[in-house]
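Asker: Provided herewith: query-v4.txt, compact mmCIF, C-alpha atoms (C1' of nucleotides).
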# COMPACT_ATOMS: atom_id res chain seq x y z
CA MET Z 1 -24.40 3.69 41.96
CA LYS Z 2 -23.75 0.01 41.37
CA PRO Z 3 -21.17 -1.48 43.73
CA GLU Z 4 -17.59 -1.71 42.51
CA THR Z 5 -16.75 -5.26 41.41
CA ARG Z 6 -13.34 -6.81 41.97
CA LYS Z 7 -12.66 -6.33 38.28
CA ASP Z 8 -13.46 -2.62 38.58
CA GLU Z 9 -11.11 -2.36 41.53
CA ILE Z 10 -8.31 -3.90 39.49
CA ILE Z 11 -8.95 -1.61 36.55
CA ASN Z 12 -9.04 1.50 38.74
CA THR Z 13 -5.89 0.47 40.56
CA ALA Z 14 -4.21 -0.20 37.22
CA ALA Z 15 -5.24 3.24 35.96
CA LYS Z 16 -3.58 4.85 38.99
CA LEU Z 17 -0.36 2.94 38.41
CA PHE Z 18 -0.43 3.66 34.67
CA LYS Z 19 -0.79 7.35 35.49
CA GLU Z 20 2.33 7.31 37.66
CA LYS Z 21 4.69 5.23 35.54
CA GLY Z 22 3.01 4.59 32.20
CA TYR Z 23 1.53 1.36 30.87
CA SER Z 24 4.79 -0.30 29.84
CA ALA Z 25 6.58 0.33 33.12
CA VAL Z 26 3.82 -1.22 35.24
CA THR Z 27 4.11 -4.99 35.63
CA MET Z 28 1.33 -7.38 36.51
CA ARG Z 29 3.28 -8.02 39.72
CA ASP Z 30 3.19 -4.29 40.53
CA LEU Z 31 -0.54 -4.31 39.99
CA ALA Z 32 -0.99 -7.45 42.08
CA THR Z 33 1.01 -5.97 44.96
CA ALA Z 34 -1.11 -2.81 44.85
CA MET Z 35 -4.20 -5.03 45.02
CA GLY Z 36 -2.74 -7.12 47.85
CA MET Z 37 -2.61 -10.37 45.88
CA LYS Z 38 -0.35 -12.44 43.64
CA ALA Z 39 -0.02 -11.74 39.92
CA ALA Z 40 -1.63 -14.99 38.83
CA SER Z 41 -4.75 -14.22 40.86
CA LEU Z 42 -5.47 -11.18 38.72
CA TYR Z 43 -6.36 -13.50 35.89
CA ASN Z 44 -9.44 -14.72 37.75
CA HIS Z 45 -10.91 -11.30 36.97
CA ILE Z 46 -9.27 -9.89 33.86
CA ASN Z 47 -8.21 -11.34 30.53
CA SER Z 48 -4.88 -9.65 29.99
CA LYS Z 49 -2.86 -6.53 30.71
CA GLN Z 50 -3.73 -5.31 27.25
CA ASP Z 51 -7.43 -5.72 27.98
CA ILE Z 52 -7.17 -3.51 31.08
CA LEU Z 53 -5.72 -0.70 28.98
CA LYS Z 54 -8.43 -1.15 26.37
CA VAL Z 55 -11.24 -0.83 28.92
CA ILE Z 56 -9.68 2.24 30.53
CA ILE Z 57 -9.14 4.15 27.31
CA ILE Z 58 -12.06 3.13 25.11
CA CYS Z 59 -14.68 3.85 27.79
CA ILE Z 60 -13.45 7.42 28.19
CA ALA Z 61 -13.05 7.96 24.46
CA GLU Z 62 -16.68 6.95 23.98
CA GLU Z 63 -17.76 9.31 26.76
CA PHE Z 64 -16.14 12.15 24.83
CA THR Z 65 -17.76 11.08 21.58
CA ASN Z 66 -21.19 10.99 23.18
CA GLY Z 67 -20.69 14.38 24.81
CA MET Z 68 -19.54 15.94 21.55
CA ASP Z 69 -22.54 14.50 19.69
CA ILE Z 70 -24.89 16.26 22.08
CA ILE Z 71 -22.99 19.54 21.76
CA ILE Z 72 -22.87 19.65 17.96
CA SER Z 73 -26.56 18.87 17.59
CA SER Z 74 -27.56 21.65 20.01
CA GLU Z 75 -28.77 25.08 18.89
CA GLU Z 76 -26.36 27.27 20.82
CA SER Z 77 -23.88 29.85 19.60
CA ASN Z 78 -20.46 28.52 18.68
CA ILE Z 79 -18.86 30.28 21.64
CA ASP Z 80 -21.35 28.54 23.92
CA LYS Z 81 -20.56 25.23 22.27
CA LEU Z 82 -16.89 25.79 23.06
CA LYS Z 83 -17.82 26.51 26.67
CA LYS Z 84 -19.78 23.25 26.72
CA ILE Z 85 -16.68 21.43 25.45
CA VAL Z 86 -14.65 22.92 28.28
CA SER Z 87 -17.24 21.67 30.76
CA LEU Z 88 -17.28 18.24 29.13
CA HIS Z 89 -13.55 17.89 29.65
CA VAL Z 90 -13.66 19.18 33.22
CA ASP Z 91 -16.50 16.79 34.09
CA ILE Z 92 -15.04 13.65 32.54
CA THR Z 93 -11.55 14.38 33.83
CA SER Z 94 -12.59 15.21 37.38
CA HIS Z 95 -14.28 11.86 37.90
CA ASN Z 96 -11.49 9.86 36.25
CA THR Z 97 -8.12 11.59 36.40
CA SER Z 98 -6.10 8.39 36.20
CA GLY Z 99 -7.96 7.12 33.17
CA MET Z 100 -7.34 10.41 31.39
CA ALA Z 101 -3.63 10.00 31.98
CA SER Z 102 -3.70 6.61 30.24
CA LEU Z 103 -5.75 8.01 27.39
CA ASN Z 104 -3.25 10.80 26.88
CA ASN Z 105 -0.03 8.88 27.29
CA ASP Z 106 -0.63 5.21 26.51
CA TRP Z 107 -3.07 5.14 23.61
CA MET Z 108 -0.26 4.03 21.30
CA HIS Z 109 -0.08 0.70 23.15
CA LEU Z 110 -3.68 -0.21 22.32
CA GLU Z 111 -2.73 -2.73 19.60
CA ASP Z 112 -6.03 -4.29 18.42
CA HIS Z 113 -8.13 -1.28 19.39
CA LEU Z 114 -5.73 1.41 18.22
CA GLU Z 115 -7.54 1.90 14.94
CA TYR Z 116 -10.90 2.36 16.63
CA TYR Z 117 -9.45 4.79 19.14
CA LEU Z 118 -7.87 6.89 16.41
CA LYS Z 119 -11.16 6.94 14.53
CA LEU Z 120 -12.96 8.35 17.58
CA ARG Z 121 -10.19 10.88 18.19
CA ASN Z 122 -10.12 12.10 14.60
CA GLU Z 123 -13.88 12.52 14.53
CA TYR Z 124 -13.77 14.43 17.80
CA GLU Z 125 -11.11 16.79 16.53
CA ALA Z 126 -12.95 17.29 13.25
CA ASN Z 127 -16.11 18.29 15.12
CA PHE Z 128 -14.12 20.62 17.36
CA LEU Z 129 -12.48 22.31 14.40
CA LYS Z 130 -15.80 22.70 12.60
CA ILE Z 131 -17.28 24.59 15.55
CA ILE Z 132 -14.32 26.97 15.53
CA LYS Z 133 -14.46 27.53 11.77
CA THR Z 134 -18.22 28.11 11.82
CA GLY Z 135 -17.71 30.53 14.71
CA ILE Z 136 -15.15 32.48 12.70
CA THR Z 137 -17.44 32.66 9.67
CA ALA Z 138 -20.24 33.89 11.94
CA SER Z 139 -17.85 36.53 13.38
CA GLU Z 140 -18.28 35.10 16.88
CA ILE Z 141 -14.62 34.16 16.98
CA LYS Z 142 -11.51 36.15 16.04
CA ASN Z 143 -10.09 35.36 12.63
CA SER Z 144 -6.98 33.60 13.95
CA ASN Z 145 -5.63 30.31 12.61
CA PRO Z 146 -8.42 27.87 13.58
CA GLU Z 147 -6.02 25.00 14.04
CA ILE Z 148 -3.90 27.00 16.48
CA ILE Z 149 -7.06 27.82 18.41
CA MET Z 150 -8.08 24.17 18.58
CA PHE Z 151 -4.57 23.03 19.43
CA SER Z 152 -4.32 25.52 22.25
CA MET Z 153 -7.70 24.66 23.74
CA LEU Z 154 -7.47 20.92 23.27
CA THR Z 155 -4.00 20.49 24.71
CA THR Z 156 -4.98 22.54 27.74
CA LEU Z 157 -8.11 20.46 28.24
CA ARG Z 158 -6.25 17.19 27.69
CA SER Z 159 -3.77 18.12 30.40
CA LEU Z 160 -6.43 18.78 33.01
CA TYR Z 161 -5.72 15.38 34.55
CA LEU Z 162 -2.40 16.75 35.77
CA TRP Z 163 -3.94 19.73 37.37
CA ILE Z 164 -7.28 18.80 38.84
CA PRO Z 165 -5.83 16.54 41.57
CA LYS Z 166 -3.61 19.42 42.76
CA LYS Z 167 -6.52 21.86 43.04
CA GLU Z 168 -9.19 20.05 45.01
CA ASP Z 169 -10.40 23.32 46.51
CA LEU Z 170 -11.62 24.44 43.08
CA ASN Z 171 -14.94 22.81 42.21
CA ALA Z 172 -15.76 21.67 38.68
CA ASN Z 173 -17.96 24.65 37.94
CA ASP Z 174 -15.47 27.29 39.01
CA LEU Z 175 -12.71 25.55 37.11
CA ALA Z 176 -14.76 25.31 33.92
CA ASN Z 177 -15.69 29.00 34.19
CA GLY Z 178 -12.13 30.09 34.91
CA LEU Z 179 -10.81 28.05 32.02
CA SER Z 180 -13.46 29.31 29.61
CA GLN Z 181 -12.61 32.85 30.59
CA VAL Z 182 -8.87 32.38 30.05
CA LEU Z 183 -9.18 30.31 26.88
CA ILE Z 184 -11.91 32.35 25.23
CA ASP Z 185 -11.55 35.91 26.50
CA GLY Z 186 -7.76 35.94 26.65
CA ILE Z 187 -5.69 37.36 29.43
CA ASN Z 188 -4.64 40.89 28.52
CA ASN Z 189 -6.46 44.03 29.56
CA MET K 1 27.92 23.19 13.58
CA LYS K 2 30.12 20.44 14.97
CA PRO K 3 29.68 17.08 13.23
CA GLU K 4 27.32 14.55 14.80
CA THR K 5 29.24 11.84 16.68
CA ARG K 6 28.09 8.24 16.78
CA LYS K 7 26.97 8.82 20.34
CA ASP K 8 24.84 11.77 19.22
CA GLU K 9 23.31 9.61 16.53
CA ILE K 10 22.33 6.99 19.09
CA ILE K 11 20.84 9.57 21.43
CA ASN K 12 18.84 11.20 18.66
CA THR K 13 17.59 7.86 17.40
CA ALA K 14 16.66 6.90 20.94
CA ALA K 15 14.74 10.14 21.37
CA LYS K 16 12.71 9.38 18.26
CA LEU K 17 11.85 5.90 19.51
CA PHE K 18 11.04 7.21 23.00
CA LYS K 19 8.69 9.70 21.41
CA GLU K 20 6.78 6.97 19.58
CA LYS K 21 6.51 4.34 22.29
CA GLY K 22 7.80 5.81 25.53
CA TYR K 23 11.07 5.06 27.33
CA SER K 24 9.95 1.83 29.01
CA ALA K 25 8.57 0.26 25.85
CA VAL K 26 11.77 0.81 23.85
CA THR K 27 14.35 -1.94 24.28
CA MET K 28 18.04 -1.67 23.63
CA ARG K 29 17.48 -4.19 20.84
CA ASP K 30 14.89 -1.86 19.28
CA LEU K 31 17.39 0.96 19.44
CA ALA K 32 20.16 -1.20 18.00
CA THR K 33 17.96 -2.29 15.09
CA ALA K 34 17.10 1.33 14.35
CA MET K 35 20.83 2.08 14.33
CA GLY K 36 21.59 -0.93 12.13
CA MET K 37 23.71 -2.72 14.72
CA LYS K 38 23.50 -5.24 17.56
CA ALA K 39 22.46 -4.24 21.06
CA ALA K 40 25.82 -4.97 22.63
CA SER K 41 27.53 -2.62 20.19
CA LEU K 42 25.63 0.34 21.58
CA TYR K 43 27.69 0.06 24.75
CA ASN K 44 30.83 1.11 22.88
CA HIS K 45 29.27 4.59 22.80
CA ILE K 46 26.86 4.95 25.70
CA ASN K 47 26.92 3.94 29.36
CA SER K 48 23.38 2.73 29.86
CA LYS K 49 19.80 3.14 28.72
CA GLN K 50 19.17 5.31 31.75
CA ASP K 51 22.05 7.58 30.77
CA ILE K 52 20.54 8.17 27.33
CA LEU K 53 17.33 9.39 28.94
CA LYS K 54 19.25 11.62 31.30
CA VAL K 55 21.16 13.34 28.51
CA ILE K 56 18.01 13.87 26.45
CA ILE K 57 15.98 15.40 29.25
CA ILE K 58 18.50 17.32 31.33
CA CYS K 59 20.01 19.12 28.33
CA ILE K 60 16.62 20.47 27.31
CA ALA K 61 15.62 21.31 30.87
CA GLU K 62 18.77 23.40 31.21
CA GLU K 63 18.05 25.16 27.92
CA PHE K 64 14.72 26.24 29.37
CA THR K 65 16.30 27.37 32.60
CA ASN K 66 18.84 29.48 30.74
CA GLY K 67 16.19 30.99 28.51
CA MET K 68 14.00 31.86 31.46
CA ASP K 69 16.90 33.48 33.29
CA ILE K 70 17.45 35.85 30.38
CA ILE K 71 13.74 36.68 30.19
CA ILE K 72 13.23 37.46 33.88
CA SER K 73 16.30 39.71 34.06
CA SER K 74 15.17 41.76 31.05
CA GLU K 75 13.42 45.11 31.32
CA GLU K 76 10.35 44.39 29.23
CA SER K 77 6.67 44.55 30.08
CA ASN K 78 5.23 41.38 31.57
CA ILE K 79 3.13 40.76 28.46
CA ASP K 80 6.29 40.95 26.37
CA LYS K 81 8.00 38.56 28.75
CA LEU K 82 5.17 36.10 28.20
CA LYS K 83 5.60 36.47 24.46
CA LYS K 84 9.30 35.75 24.89
CA ILE K 85 8.41 32.59 26.80
CA VAL K 86 6.19 31.50 23.92
CA SER K 87 9.08 32.03 21.53
CA LEU K 88 11.44 30.17 23.82
CA HIS K 89 9.20 27.10 23.73
CA VAL K 90 8.66 27.30 19.99
CA ASP K 91 12.40 27.60 19.36
CA ILE K 92 13.54 24.80 21.65
CA THR K 93 10.75 22.49 20.57
CA SER K 94 11.17 23.05 16.85
CA HIS K 95 14.80 21.97 16.88
CA ASN K 96 14.22 18.97 19.14
CA THR K 97 10.67 17.63 18.96
CA SER K 98 11.61 14.12 19.99
CA GLY K 99 13.51 15.26 23.04
CA MET K 100 10.56 17.34 24.16
CA ALA K 101 8.37 14.24 24.01
CA SER K 102 10.73 12.45 26.39
CA LEU K 103 10.86 15.43 28.70
CA ASN K 104 7.08 15.55 28.85
CA ASN K 105 6.34 11.88 29.13
CA ASP K 106 9.34 10.09 30.59
CA TRP K 107 10.80 12.41 33.23
CA MET K 108 9.48 10.12 35.96
CA HIS K 109 11.94 7.43 34.85
CA LEU K 110 14.97 9.62 35.52
CA GLU K 111 15.93 7.83 38.77
CA ASP K 112 19.19 9.47 39.93
CA HIS K 113 18.53 12.76 38.17
CA LEU K 114 14.83 13.01 38.99
CA GLU K 115 15.41 15.34 41.91
CA TYR K 116 17.53 17.74 39.86
CA TYR K 117 14.99 17.74 37.04
CA LEU K 118 12.15 18.54 39.43
CA LYS K 119 14.17 21.36 40.94
CA LEU K 120 14.64 22.95 37.51
CA ARG K 121 10.98 22.46 36.65
CA ASN K 122 9.73 23.96 39.89
CA GLU K 123 11.99 26.98 39.54
CA TYR K 124 10.83 27.47 35.97
CA GLU K 125 7.17 27.37 36.96
CA ALA K 126 7.76 29.71 39.89
CA ASN K 127 9.36 32.26 37.56
CA PHE K 128 6.54 31.87 35.07
CA LEU K 129 3.92 32.41 37.76
CA LYS K 130 5.72 35.45 39.12
CA ILE K 131 5.64 37.14 35.73
CA ILE K 132 1.88 36.57 35.52
CA LYS K 133 1.24 37.83 39.06
CA THR K 134 3.39 40.92 38.53
CA GLY K 135 1.54 41.52 35.29
CA ILE K 136 -1.81 41.35 37.06
CA THR K 137 -0.64 43.77 39.75
CA ALA K 138 0.57 46.15 37.04
CA SER K 139 -2.83 45.84 35.30
CA GLU K 140 -1.19 44.49 32.18
CA ILE K 141 -2.99 41.19 32.59
CA LYS K 142 -6.64 40.45 33.38
CA ASN K 143 -7.36 39.62 36.99
CA SER K 144 -8.06 35.91 36.37
CA ASN K 145 -6.72 33.05 38.47
CA PRO K 146 -2.96 33.28 37.78
CA GLU K 147 -2.49 29.56 38.15
CA ILE K 148 -5.16 28.82 35.57
CA ILE K 149 -3.42 31.24 33.23
CA MET K 150 -0.07 29.56 33.72
CA PHE K 151 -1.55 26.09 33.44
CA SER K 152 -3.28 26.95 30.21
CA MET K 153 -0.21 28.53 28.64
CA LEU K 154 2.29 26.01 29.89
CA THR K 155 0.38 22.90 28.86
CA THR K 156 -0.18 24.34 25.42
CA LEU K 157 3.50 25.14 25.09
CA ARG K 158 4.56 21.76 26.45
CA SER K 159 2.44 20.00 23.86
CA LEU K 160 4.01 21.83 20.94
CA TYR K 161 6.13 18.77 20.19
CA LEU K 162 2.98 17.00 19.05
CA TRP K 163 2.00 19.73 16.73
CA ILE K 164 5.08 21.25 15.18
CA PRO K 165 5.97 18.15 13.12
CA LYS K 166 2.48 18.18 11.58
CA LYS K 167 2.73 21.84 10.53
CA GLU K 168 6.02 22.16 8.71
CA ASP K 169 4.58 24.87 6.48
CA LEU K 170 4.32 27.22 9.49
CA ASN K 171 7.71 28.73 10.36
CA ALA K 172 8.79 29.32 13.93
CA ASN K 173 8.07 33.04 13.84
CA ASP K 174 4.53 32.72 12.49
CA LEU K 175 3.75 29.98 14.96
CA ALA K 176 5.04 32.00 17.92
CA ASN K 177 3.03 35.02 16.80
CA GLY K 178 -0.15 33.01 16.22
CA LEU K 179 0.20 31.31 19.57
CA SER K 180 0.87 34.56 21.41
CA GLN K 181 -2.19 36.08 19.83
CA VAL K 182 -4.47 33.17 20.77
CA LEU K 183 -3.01 32.69 24.25
CA ILE K 184 -2.78 36.35 25.20
CA ASP K 185 -5.50 38.15 23.24
CA GLY K 186 -8.09 35.38 23.44
CA ILE K 187 -10.29 34.25 20.62
CA ASN K 188 -13.65 36.01 20.85
CA ASN K 189 -14.61 39.16 19.03
C1' DA N 1 -23.79 -31.69 56.10
C1' DG N 2 -22.69 -31.49 51.45
C1' DA N 3 -22.20 -29.12 47.13
C1' DT N 4 -20.97 -25.06 44.75
C1' DT N 5 -18.22 -21.33 43.68
C1' DA N 6 -15.61 -16.96 43.65
C1' DA N 7 -11.17 -15.82 44.54
C1' DA N 8 -7.09 -16.57 46.31
C1' DC N 9 -2.81 -19.53 46.03
C1' DT N 10 1.96 -22.17 44.27
C1' DA N 11 4.79 -23.47 40.60
C1' DA N 12 6.29 -23.08 36.34
C1' DC N 13 6.90 -21.64 31.31
C1' DA N 14 9.18 -19.45 27.38
C1' DA N 15 10.32 -15.16 25.90
C1' DC N 16 12.52 -10.96 26.67
C1' DT N 17 15.25 -7.48 29.49
C1' DG N 18 19.74 -4.57 30.17
C1' DT N 19 24.26 -5.49 30.32
C1' DT N 20 29.11 -7.68 30.33
C1' DA N 21 33.19 -10.15 28.47
C1' DG N 22 35.91 -11.26 25.05
C1' DT N 23 36.69 -11.31 19.92
C1' DT N 24 36.82 -9.80 15.08
C1' DT N 25 36.98 -6.33 11.52
C1' DG N 26 38.56 -2.75 8.57
C1' DG N 27 40.49 1.55 7.81
C1' DA N 28 44.08 5.38 9.15
C1' DG N 29 48.78 6.74 10.53
C1' DA N 30 53.70 5.37 11.07
C1' DT W 1 53.67 -3.35 5.72
C1' DC W 2 52.81 -3.10 10.46
C1' DT W 3 50.44 -1.10 14.31
C1' DC W 4 46.65 0.78 16.39
C1' DC W 5 42.03 1.64 17.53
C1' DA W 6 37.28 2.73 16.96
C1' DA W 7 33.45 0.16 16.26
C1' DA W 8 31.32 -3.61 15.13
C1' DC W 9 30.54 -8.57 16.43
C1' DT W 10 29.12 -13.42 19.16
C1' DA W 11 27.87 -15.56 23.28
C1' DA W 12 26.21 -15.47 27.50
C1' DC W 13 24.41 -13.87 32.18
C1' DA W 14 20.91 -13.25 35.75
C1' DG W 15 16.73 -11.18 36.42
C1' DT W 16 12.05 -9.92 34.83
C1' DT W 17 8.05 -10.28 31.84
C1' DG W 18 2.95 -11.79 30.89
C1' DT W 19 0.59 -15.77 31.32
C1' DT W 20 -1.11 -20.74 32.17
C1' DA W 21 -2.23 -24.94 34.87
C1' DG W 22 -3.62 -26.95 38.69
C1' DT W 23 -4.71 -26.52 43.74
C1' DT W 24 -6.48 -24.64 48.13
C1' DT W 25 -9.45 -21.74 50.84
C1' DA W 26 -13.48 -19.94 52.81
C1' DA W 27 -17.90 -18.34 52.41
C1' DT W 28 -22.77 -19.18 50.45
C1' DC W 29 -26.68 -21.88 48.99
C1' DT W 30 -29.54 -26.18 49.07
For this file, produce the structure as structure tokens.

Answerer:
Amino acid sequence: MKPETRKDEIINTAAKLFKEKGYSAVTMRDLATAMGMKAASLYNHINSKQDILKVIIICIAEEFTNGMDIIISSEESNIDKLKKIVSLHVDITSHNTSGMASLNNDWMHLEDHLEYYLKLRNEYEANFLKIIKTGITASEIKNSNPEIIMFSMLTTLRSLYLWIPKKEDLNANDLANGLSQVLIDGINN
Amino acid sequence: MKPETRKDEIINTAAKLFKEKGYSAVTMRDLATAMGMKAASLYNHINSKQDILKVIIICIAEEFTNGMDIIISSEESNIDKLKKIVSLHVDITSHNTSGMASLNNDWMHLEDHLEYYLKLRNEYEANFLKIIKTGITASEIKNSNPEIIMFSMLTTLRSLYLWIPKKEDLNANDLANGLSQVLIDGINN
DNA sequence: AGATTAAACTAACAACTGTTAGTTTGGAGA
DNA sequence: TCTCCAAACTAACAGTTGTTAGTTTAATCT
């Protein structure tokens, strides 16, 4: 673990504020107050408000892309790949809940990096959908609408940032297992 | 169908803009431009920016409360109650996708009406959870973590506003059925 | 002790924010 | 034709926004 630089502190504090009020509603003066300094001093460490958002979102988006690349190139069953995706989301989200909030809610304010973000997101969703469709063809997965399946899973996983902080008693493993069970096996007897 | 007043037009246009950029990032001048008028003219019809948000969110929140009240006082099985909840979300969302975006993303900017909104939301979630727990006790529903079940269903349903506009070919009934199947029966063979 | 430097500061900027006051316009009812 | 009124307008406000320039502070290295 490398020590947290002042810049990291600012970015993490910003992520927390963005989670609570959204990017646009957080001012540089809000951020400065939360850091115990004046707004102008922030600029000794960061380039711009926009740049903070970029770092928060793009880093996480690339984590997801890397995780998905490992999953699709593995030799597991499609159901197991889906379980790996659930774990990927639980892991990334549980060590960066605030960042996930920004990724979910403030990506549209990315400006210069919006295009790149959307590229990563589209590729991720395409890979996700392909796993589901292959699983249906292989009769591992019920022949429901594959897009509804992906939508249901992905929106649940994307909202984990809202839920993980409220359930600190549940460790990452138990949560991933519980979620896999509910999402994959259904709920009715 | 009563005709749409100028005030309604403004509120609906605002909801669309709020959906795209979030409440804080939309200025009264943005809204005026979208309406083809000057910002000051908006105030002939509405009280404040804050009041627009209040109308958008509270109306929908009360629709959900009313819908839930009917469901809990019905005599159906708990599984059927869950299916009714799915339909409730599909119905409300499909006739007001923009408003649902504001409800999901901008409720924290409600100021004076925040407390009331949170009261409605908490009651709604308590009712939802009770249906699941009763269903588990009655062996209608698998004995999984009831909160994970609710979280999974509710976040999927809350995100419908993102998805319905992309799938205009799917009518409300088919979507509700497909969702119920995936959420309740699971996806694996 | 003197030099260096990271990191804070004060002061200010031009642009933008929601909103108010007072005025003009154009069409409907008398 | 005259009156009325909804609904637009112009002009302005006080406060807030992200950001820059230049300065001070206090600790570290030589």

Asker: Residues of chain W no more than 8 Å from chain K, counting all atoms listed in the file: send them over as an MDAnalysis selection string.

Answerer: chainID W and resid 7:9

Asker: With all atoms listed in the file counted and 12 Å as the cut-off, give the residues of chain N in contact with chain Z, each with its shortest interatomic distance in Å and the pair that gives it, as a tab-separated table.

Answerer:
residue	atom	partner	partner_atom	distance
N:DA6	C1'	Z:Asn44	CA	8.8
N:DA7	C1'	Z:Asn44	CA	7.1
N:DA8	C1'	Z:Ser41	CA	6.4
N:DC9	C1'	Z:Ser41	CA	7.7
N:DT10	C1'	Z:Ala40	CA	9.7
N:DA11	C1'	Z:Ala40	CA	10.8
N:DA12	C1'	Z:Ala40	CA	11.6

Asker: Skip DA11 (chain W) itself and residues of its chain fewer than 6 positions away, then list as a ChimeraX atom specification all residues within 12 Å of it, counting only C-alpha atoms (C1' of nucleotides).

Answerer: /K:40 /N:20-23

Asker: Only residues of chain K matter here; which ones have an atom within 7 Å of chain Z, counting all atoms listed in the file? Give them as a list of chain:residue names.

Answerer: K:Lys21, K:Ser24, K:Ala25, K:Met108, K:Glu140, K:Ile141, K:Lys142, K:Ile148, K:Ile149, K:Ser152, K:Thr155, K:Thr156, K:Ser159, K:Leu179, K:Val182, K:Leu183, K:Ile184, K:Asp185, K:Gly186, K:Ile187, K:Asn188, K:Asn189

Asker: Quick one: pull the distance between CA of Val55 (chain Z) and CA of Thr27 (chain Z), Å, one decimal.

Answerer: 17.3 Å

Asker: Residues within 8 Å of region 117-125 of chain K, please, as number ranges by chain. Count only C-alpha atoms (C1' of nucleotides); anything in the same chain fewer than 3 positions from it doesn't count.

Answerer: K: 58, 61-62, 64-65, 68, 107, 113-114, 128-129

Asker: Within 12 Å of DG29 (chain N), counting only C-alpha atoms (C1' of nucleotides), which residues show up once you throw out same-chain ones fewer than 6 positions away? Write them as JSON, numbers by chain, please.

Answerer: {"W": [2, 3, 4, 5]}

Asker: Measure the distance from CA of Asp91 (chain K) to CA of Asp51 (chain K) in Å and round it to one decimal.

Answerer: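 The value is 25.0 Å.
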
Asker: For Leu110 (chain Z), which of Z:Ile85, Z:Ile70, Z:Leu53, Z:Ala138 is the closest residue, counting all atoms listed in the file?

Answerer: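 The shortest atom-to-atom distance to Leu110 (chain Z) comes from Z:Leu53.
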
Asker: List the neighbours of Lys16 (chain Z) out to 12 Å using all atoms listed in the file; skip same-chain residues closer than 5 positions along the sequence, and give me the result as a PyMOL selection string.

Answerer: chain Z and resi 9-11+21-23+26+30-31+34-35+53+56+96-102+161

Asker: Restricting the calculation to only C-alpha atoms, which member of Z:Val90, Z:Ile131, Z:Ile60, Z:Ile52 is positioned closest to Glu76 (chain Z)?

Answerer: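 Residue with the minimum atom-to-atom distance to Glu76 (chain Z): Z:Ile131.
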
Asker: For region 1-4 of chain N, find every residue with an atom within 12 Å (counting only C-alpha atoms (C1' of nucleotides)), except residues of its own chain fewer than 3 positions away, and show them as a PyMOL selection string.

Answerer: chain W and resi 27-30

Asker: Quick one: pull the distance between CA of Phe18 (chain K) and CA of Ser48 (chain K), Å, one decimal.

Answerer: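 Pair CA of Phe18 (chain K) / CA of Ser48 (chain K) returns 14.8 Å.
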